[in-house]
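J.: Input: one structure, supplied below.
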Amino acid sequence: MNKERKYLYGPVPSRRLGRSLGVDIVPAKICTLDCIYCQIGKTTNKTIERKKYLPAELIIEELSLALSQGLETDYITLAGSGEPTLNSELGKIIDEIKKITDIPVTIVTNGTLLYMKDVRDDCAKADVVLPSLDAGDEEAFLKINRPHPDISIEKLISGLCEFRKEYSGQIWLEVFLIESANSYPDQIAKIKAAIDRIQPDKVQLNTSVRPTTEENVKKLSADKLQEIANLIGPNCEVIADLTQSDNSDNKHKIASKQDEMIMETLFSMLKRRPCSLEDICSSMNMHRNVAIKYISELTKLNRIHSENIDGTKYFKAAIHIDS
């Protein structure tokens, strides 16, 4: 059996980035927040301490091997199981990635540590930075994001503002909207005021379409999301995948014929994020009938299970990622 990837997952389909190769640089679930909508689960170690959580050398070694084997992706994305800016070797990892490939590097971050100069310097090495802002005041921030006690909403917003002043690359700010939490007019007005301060290149609205940490997280409708996008401005777009495309006519073949490697790749992906059948087909470039075969095998082995969310079946790993 081929060795399971330890730090890489995907490429996974992303409405923001196309095909995105995820790179875990912090174990699950080490984060500065404990967001109620997180698809990975509850934070087990809420911290703001930066340290060498995972070794840069092994991460780069695994990435180099994958690239040498012909892996193709639109972006290499530092994200995944924890908050990537907590890894004190973030800057070194980006530098080493850029030595071995021209594929652009992105960081998906909650942005909470950008008040630190060393974090801003590390993030500035990336081609695109995708931070988050889900609240316009402290009350909503505490309710939705459940931050480390040393992090306030003003510290988050101020850090994003400082980063914008120093960083010439692209900033795509994600706002995760939840019905009856941060979608009221007063919250939207406060979020918009913060966005006007931050001045990101894009604002991207998301909502709950996958299994979340807390069960009472309610999604917004497509019409409501678009209404809010229109209020925020012309650089705002809706990225929530509220419809599932039919891939029944997908005639692409599986890139590899080695079933065990494909199953390990699929399992590795499902450890990081729940995926629908359509997600799996798109990410792994395979016909739905072939994907169903591998899903069935992993289910029989009790390695994955499924959960229905608003009529769509999502597949998840049956175990947590080892830390």
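Each chain of the structure tokens is named A, B, ... in the order shown, its residues numbered from 1; ligands are numbered from 1 in display order.
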Could you pull out all residues of segment 63-222 of chain A with a DSSP call of strand (DSSP E) and give them as a list of chain:residue names?
T.: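 For segment 63-222 of chain A, the strand (DSSP E) set is A:Tyr75, A:Ile76, A:Thr77, A:Leu78, A:Ala79, A:Val105, A:Thr106, A:Ile107, A:Val108, A:Val128, A:Val129, A:Leu130, A:Gln170, A:Ile171, A:Trp172, A:Leu173, A:Glu174, A:Val175, A:Phe176, A:Lys202, A:Val203, A:Gln204, A:Leu205, A:Asn206.
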J.: Determine, counting only C-alpha atoms, which protein, DNA and RNA residues have an atom within 8 Å of an atom of Leu277 of chain A; residues of the same chain fewer than 2 positions away are not included. Present the result as a count of residues only.
T.: 10
J.: What lies within 12 Å of Glu227 of chain A using only C-alpha atoms, ignoring chain neighbours under 6 positions off, as a list in words?
T.: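 Surrounding residues, per the criterion: Ser183, Pro185, Ile188, Leu205, Leu220, Ser221, Gly233, Pro234, Cys236, Glu237 and Val238 of chain A.
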J.: Here is a test: counting only C-alpha atoms, which residue of A:Val105, A:Arg303, A:Thr32, A:Asn87 is nearest to Lys51 of chain A?
T.: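 Counting only C-alpha atoms, the residue closest to Lys51 of chain A is A:Asn87.
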J.: For Trp172 of chain A, which of A:Asp186, A:Glu138, A:Asp127, A:Asp34 is the closest residue, counting only C-alpha atoms?
T.: A:Asp127
J.: Find the residues near segment 177-182 of chain A: any atom within 10 Å, counting only C-alpha atoms, skip ones fewer than 4 places away on the same chain, and give them as a ChimeraX atom specification.
T.: /A:36-37,133-137,140-141,143-144,186-188,190-191,205-208,216-221,224-225,228,240
